[in-house]
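Shown below: structure.pdb, with PDB, C-alpha atoms, pLDDT in the B column.
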```
MODEL        1
ATOM      1  CA  MET O  19     -17.640 -20.296  18.403  1.00 54.00           C
ATOM      2  CA  VAL O  20     -20.662 -21.897  16.761  1.00 54.00           C
ATOM      3  CA  PHE O  21     -20.308 -24.964  14.564  1.00 54.00           C
ATOM      4  CA  VAL O  22     -23.199 -25.875  12.294  1.00 52.00           C
ATOM      5  CA  SER O  23     -23.265 -29.197  10.552  1.00 53.00           C
ATOM      6  CA  PRO O  24     -24.423 -29.267   6.936  1.00 54.00           C
ATOM      7  CA  ALA O  25     -27.462 -31.296   7.976  1.00 52.00           C
ATOM      8  CA  ARG O  26     -28.610 -28.694  10.499  1.00 54.00           C
ATOM      9  CA  ARG O  27     -28.409 -25.139   9.149  1.00 57.00           C
ATOM     10  CA  LEU O  28     -29.639 -22.058  10.948  1.00 50.00           C
ATOM     11  CA  PRO O  29     -32.732 -20.460   9.439  1.00 55.00           C
ATOM     12  CA  ARG O  30     -32.151 -17.322   7.382  1.00 56.00           C
ATOM     13  CA  GLY O  31     -33.821 -15.034   9.903  1.00 55.00           C
ATOM     14  CA  SER O  32     -31.678 -16.262  12.774  1.00 64.00           C
ATOM     15  CA  SER O  33     -29.720 -13.923  14.978  1.00 74.00           C
ATOM     16  CA  PHE O  34     -26.466 -15.619  13.934  1.00 70.00           C
ATOM     17  CA  THR O  35     -27.123 -14.822  10.282  1.00 72.00           C
ATOM     18  CA  SER O  36     -27.955 -11.220  11.173  1.00 74.00           C
ATOM     19  CA  TRP O  37     -24.831 -10.950  13.324  1.00 70.00           C
ATOM     20  CA  LEU O  38     -22.698 -12.406  10.537  1.00 72.00           C
ATOM     21  CA  ALA O  39     -24.124  -9.926   8.021  1.00 78.00           C
ATOM     22  CA  LEU O  40     -23.443  -7.008  10.376  1.00 77.00           C
ATOM     23  CA  ALA O  41     -19.924  -8.237  11.078  1.00 79.00           C
ATOM     24  CA  TRP O  42     -19.241  -8.486   7.334  1.00 77.00           C
ATOM     25  CA  LEU O  43     -20.632  -4.993   6.736  1.00 78.00           C
ATOM     26  CA  GLY O  44     -18.507  -3.630   9.589  1.00 80.00           C
ATOM     27  CA  LEU O  45     -15.385  -5.209   8.146  1.00 78.00           C
ATOM     28  CA  VAL O  46     -16.063  -3.738   4.702  1.00 77.00           C
ATOM     29  CA  LEU O  47     -16.693  -0.269   6.174  1.00 77.00           C
ATOM     30  CA  CYS O  48     -13.514  -0.433   8.255  1.00 71.00           C
ATOM     31  CA  LEU O  49     -11.453  -1.385   5.209  1.00 69.00           C
ATOM     32  CA  ALA O  50     -12.988   1.415   3.154  1.00 68.00           C
ATOM     33  CA  ALA O  51     -12.380   3.961   5.917  1.00 66.00           C
ATOM     34  CA  SER O  52      -8.789   2.879   6.431  1.00 60.00           C
ATOM     35  CA  ARG O  53      -8.171   3.311   2.703  1.00 58.00           C
ATOM     36  CA  ALA O  54      -9.523   6.873   2.818  1.00 55.00           C
ATOM     37  CA  TRP O  55      -7.381   7.733   5.843  1.00 61.00           C
ATOM     38  CA  ALA O  56      -4.335   6.268   4.147  1.00 64.00           C
ATOM     39  CA  LEU O  57      -4.144   9.131   1.639  1.00 68.00           C
ATOM     40  CA  SER O  58      -0.956  11.136   1.790  1.00 74.00           C
ATOM     41  CA  GLU O  59      -0.033  14.589   0.585  1.00 74.00           C
ATOM     42  CA  ASP O  60       1.303  13.027  -2.610  1.00 79.00           C
ATOM     43  CA  ASP O  61      -2.226  11.861  -3.473  1.00 83.00           C
ATOM     44  CA  PHE O  62      -3.412  15.466  -3.927  1.00 90.00           C
ATOM     45  CA  LEU O  63      -2.650  18.035  -6.600  1.00 93.00           C
ATOM     46  CA  PRO O  64      -0.772  21.170  -5.569  1.00 93.00           C
ATOM     47  CA  PRO O  65      -3.284  24.021  -5.011  1.00 90.00           C
ATOM     48  CA  ASP O  66      -2.146  25.936  -8.126  1.00 91.00           C
ATOM     49  CA  GLU O  67      -2.919  22.853 -10.252  1.00 93.00           C
ATOM     50  CA  ALA O  68      -6.182  21.913  -8.523  1.00 94.00           C
ATOM     51  CA  PHE O  69      -7.509  25.503  -8.753  1.00 92.00           C
ATOM     52  CA  ARG O  70      -6.302  27.248 -11.912  1.00 94.00           C
ATOM     53  CA  ILE O  71      -7.020  30.938 -11.502  1.00 91.00           C
ATOM     54  CA  SER O  72      -7.335  33.690 -14.088  1.00 93.00           C
ATOM     55  CA  ALA O  73      -8.211  37.370 -13.754  1.00 91.00           C
ATOM     56  CA  GLN O  74      -9.043  40.152 -16.182  1.00 93.00           C
ATOM     57  CA  MET O  75     -10.079  43.787 -15.976  1.00 91.00           C
ATOM     58  CA  VAL O  76     -13.615  44.090 -17.329  1.00 92.00           C
ATOM     59  CA  ALA O  77     -13.975  47.753 -16.309  1.00 91.00           C
ATOM     60  CA  PRO O  78     -11.625  50.342 -14.796  1.00 87.00           C
ATOM     61  CA  ASP O  79     -12.885  49.436 -11.318  1.00 85.00           C
ATOM     62  CA  VAL O  80     -13.847  45.750 -11.828  1.00 88.00           C
ATOM     63  CA  VAL O  81     -11.644  42.670 -11.913  1.00 88.00           C
ATOM     64  CA  GLU O  82     -13.244  39.376 -12.940  1.00 91.00           C
ATOM     65  CA  VAL O  83     -11.614  36.348 -11.321  1.00 91.00           C
ATOM     66  CA  SER O  84     -12.423  32.800 -12.370  1.00 90.00           C
ATOM     67  CA  TRP O  85     -11.218  29.312 -11.540  1.00 88.00           C
ATOM     68  CA  ARG O  86     -10.943  26.057 -13.439  1.00 93.00           C
ATOM     69  CA  ILE O  87     -11.297  23.467 -10.712  1.00 92.00           C
ATOM     70  CA  ALA O  88      -9.901  19.954 -11.224  1.00 95.00           C
ATOM     71  CA  PRO O  89     -12.392  17.055 -11.126  1.00 93.00           C
ATOM     72  CA  ALA O  90     -13.150  15.794  -7.590  1.00 90.00           C
ATOM     73  CA  TYR O  91     -11.912  19.073  -6.028  1.00 91.00           C
ATOM     74  CA  TYR O  92     -14.175  21.671  -4.443  1.00 89.00           C
ATOM     75  CA  LEU O  93     -13.871  25.370  -3.651  1.00 86.00           C
ATOM     76  CA  TYR O  94     -16.058  26.612  -0.804  1.00 86.00           C
ATOM     77  CA  HIS O  95     -17.406  30.176  -0.643  1.00 83.00           C
ATOM     78  CA  ASP O  96     -16.342  30.676   2.962  1.00 84.00           C
ATOM     79  CA  GLN O  97     -12.752  29.761   2.029  1.00 85.00           C
ATOM     80  CA  ILE O  98     -12.400  32.409  -0.709  1.00 87.00           C
ATOM     81  CA  GLY O  99     -10.619  35.666   0.051  1.00 88.00           C
ATOM     82  CA  PHE O 100      -9.045  38.486  -1.945  1.00 87.00           C
ATOM     83  CA  SER O 101      -6.229  40.898  -1.155  1.00 87.00           C
ATOM     84  CA  THR O 102      -3.827  43.201  -2.947  1.00 84.00           C
ATOM     85  CA  ASP O 103      -0.068  42.802  -3.002  1.00 85.00           C
ATOM     86  CA  PRO O 104       1.269  45.045  -1.579  1.00 86.00           C
ATOM     87  CA  PRO O 105      -1.654  45.823   0.731  1.00 82.00           C
ATOM     88  CA  GLN O 106      -1.357  49.559  -0.034  1.00 82.00           C
ATOM     89  CA  ALA O 107      -2.013  48.923  -3.761  1.00 82.00           C
ATOM     90  CA  GLY O 108      -5.707  49.626  -3.454  1.00 80.00           C
ATOM     91  CA  VAL O 109      -8.943  49.110  -1.582  1.00 84.00           C
ATOM     92  CA  LEU O 110     -11.083  46.155  -2.543  1.00 85.00           C
ATOM     93  CA  GLY O 111     -14.855  46.209  -2.431  1.00 87.00           C
ATOM     94  CA  GLU O 112     -17.084  43.321  -1.422  1.00 89.00           C
ATOM     95  CA  PRO O 113     -16.694  40.443  -3.908  1.00 89.00           C
ATOM     96  CA  GLN O 114     -19.767  39.358  -5.848  1.00 87.00           C
ATOM     97  CA  ILE O 115     -19.622  35.568  -5.813  1.00 85.00           C
ATOM     98  CA  PRO O 116     -22.315  33.628  -7.699  1.00 83.00           C
ATOM     99  CA  ARG O 117     -24.123  30.778  -5.973  1.00 82.00           C
ATOM    100  CA  GLY O 118     -22.407  27.415  -6.292  1.00 74.00           C
ATOM    101  CA  ARG O 119     -23.865  24.169  -7.527  1.00 68.00           C
TER     102      ARG O 119
ENDMDL
END
```
Can the structure in the file be given as structure tokens, please?
Amino acid sequence: MVFVSPARRLPRGSSFTSWLALAWLGLVLCLAASRAWALSEDDFLPPDEAFRISAQMVAPDVVEVSWRIAPAYYLYHDQIGFSTDPPQAGVLGEPQIPRGR
């Protein structure tokens, strides 16, 4: 442990000052990270509320599907999939998904 009397302070560019600044930054980052990891399932909206879906027939062979996505939630292209229920109800073509933001 280093004790510094008020009469003899370390210069601002000293290694102790740099170490102290890094230690403080590390502490702040650890606290922020622990807060993010402390989220529970109750902190998130259910999927049907976070991603409100609607669909409409725009042509006899075209269904337009759209989402209203809650703020701070994201929907990734590689996570989107479509199917019919029951599976024998029809054959789906390749979806045309516009580029995201």
Between CA of Pro104 (chain O) and CA of Asp66 (chain O) lies a distance of 20.5 Å
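Note that CA of Leu93 (chain O) and CA of Leu47 (chain O) are 27.6 Å apart.
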Check which residues satisfy the PyMOL selection byres ((chain O and resi 70) around 12) in the file shown, then give them as a PyMOL selection string.
chain O and resi 63-69+71-73+83-89+91+93
Writer output for current selection, C-alpha atoms, as a compact mmCIF listing (two decimals), keeping the file's coordinate frame:
```txt
# COMPACT_ATOMS: atom_id res chain seq x y z
CA LEU O 63 -2.65 18.04 -6.60
CA PRO O 64 -0.77 21.17 -5.57
CA PRO O 65 -3.28 24.02 -5.01
CA ASP O 66 -2.15 25.94 -8.13
CA GLU O 67 -2.92 22.85 -10.25
CA ALA O 68 -6.18 21.91 -8.52
CA PHE O 69 -7.51 25.50 -8.75
CA ILE O 71 -7.02 30.94 -11.50
CA SER O 72 -7.34 33.69 -14.09
CA ALA O 73 -8.21 37.37 -13.75
CA VAL O 83 -11.61 36.35 -11.32
CA SER O 84 -12.42 32.80 -12.37
CA TRP O 85 -11.22 29.31 -11.54
CA ARG O 86 -10.94 26.06 -13.44
CA ILE O 87 -11.30 23.47 -10.71
CA ALA O 88 -9.90 19.95 -11.22
CA PRO O 89 -12.39 17.06 -11.13
CA TYR O 91 -11.91 19.07 -6.03
CA LEU O 93 -13.87 25.37 -3.65
```
Interatomic distance, CA of Ala77 (chain O) to CA of Ser101 (chain O) (Å, one decimal):
18.3 Å
Residues within 12 Å of Val109 (chain O), all atoms listed in the file, excluding chain neighbours under 5 positions, as a list of chain:residue names
O:Asp79, O:Val80, O:Phe100, O:Ser101, O:Thr102, O:Asp103, O:Pro104
Between O:Leu43, O:Ala107, O:Ile115, O:Ile98, which one has atoms that come closest to Glu82 (chain O), using only C-alpha atoms?
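Between O:Leu43, O:Ala107, O:Ile115, O:Ile98, the residue approaching Glu82 (chain O) most closely is O:Ile115.
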Might I get the box with edges along x, y and z of the file that holds all atoms of region 38-45 of chain O listed there, padded by 5 Å on every side, given as centre and edge lengths in Å to one decimal, as JSON?
```
{"center_x": -19.8, "center_y": -8.0, "center_z": 8.9, "size_x": 18.7, "size_y": 18.8, "size_z": 14.3}
```
Pick from O:Tyr94, O:Phe62, O:Trp37, O:Gln74, whichever lies nearest to Pro116 (chain O) using only C-alpha atoms:
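Going through O:Tyr94, O:Phe62, O:Trp37, O:Gln74 one by one, the smallest distance to Pro116 (chain O) is for O:Tyr94.
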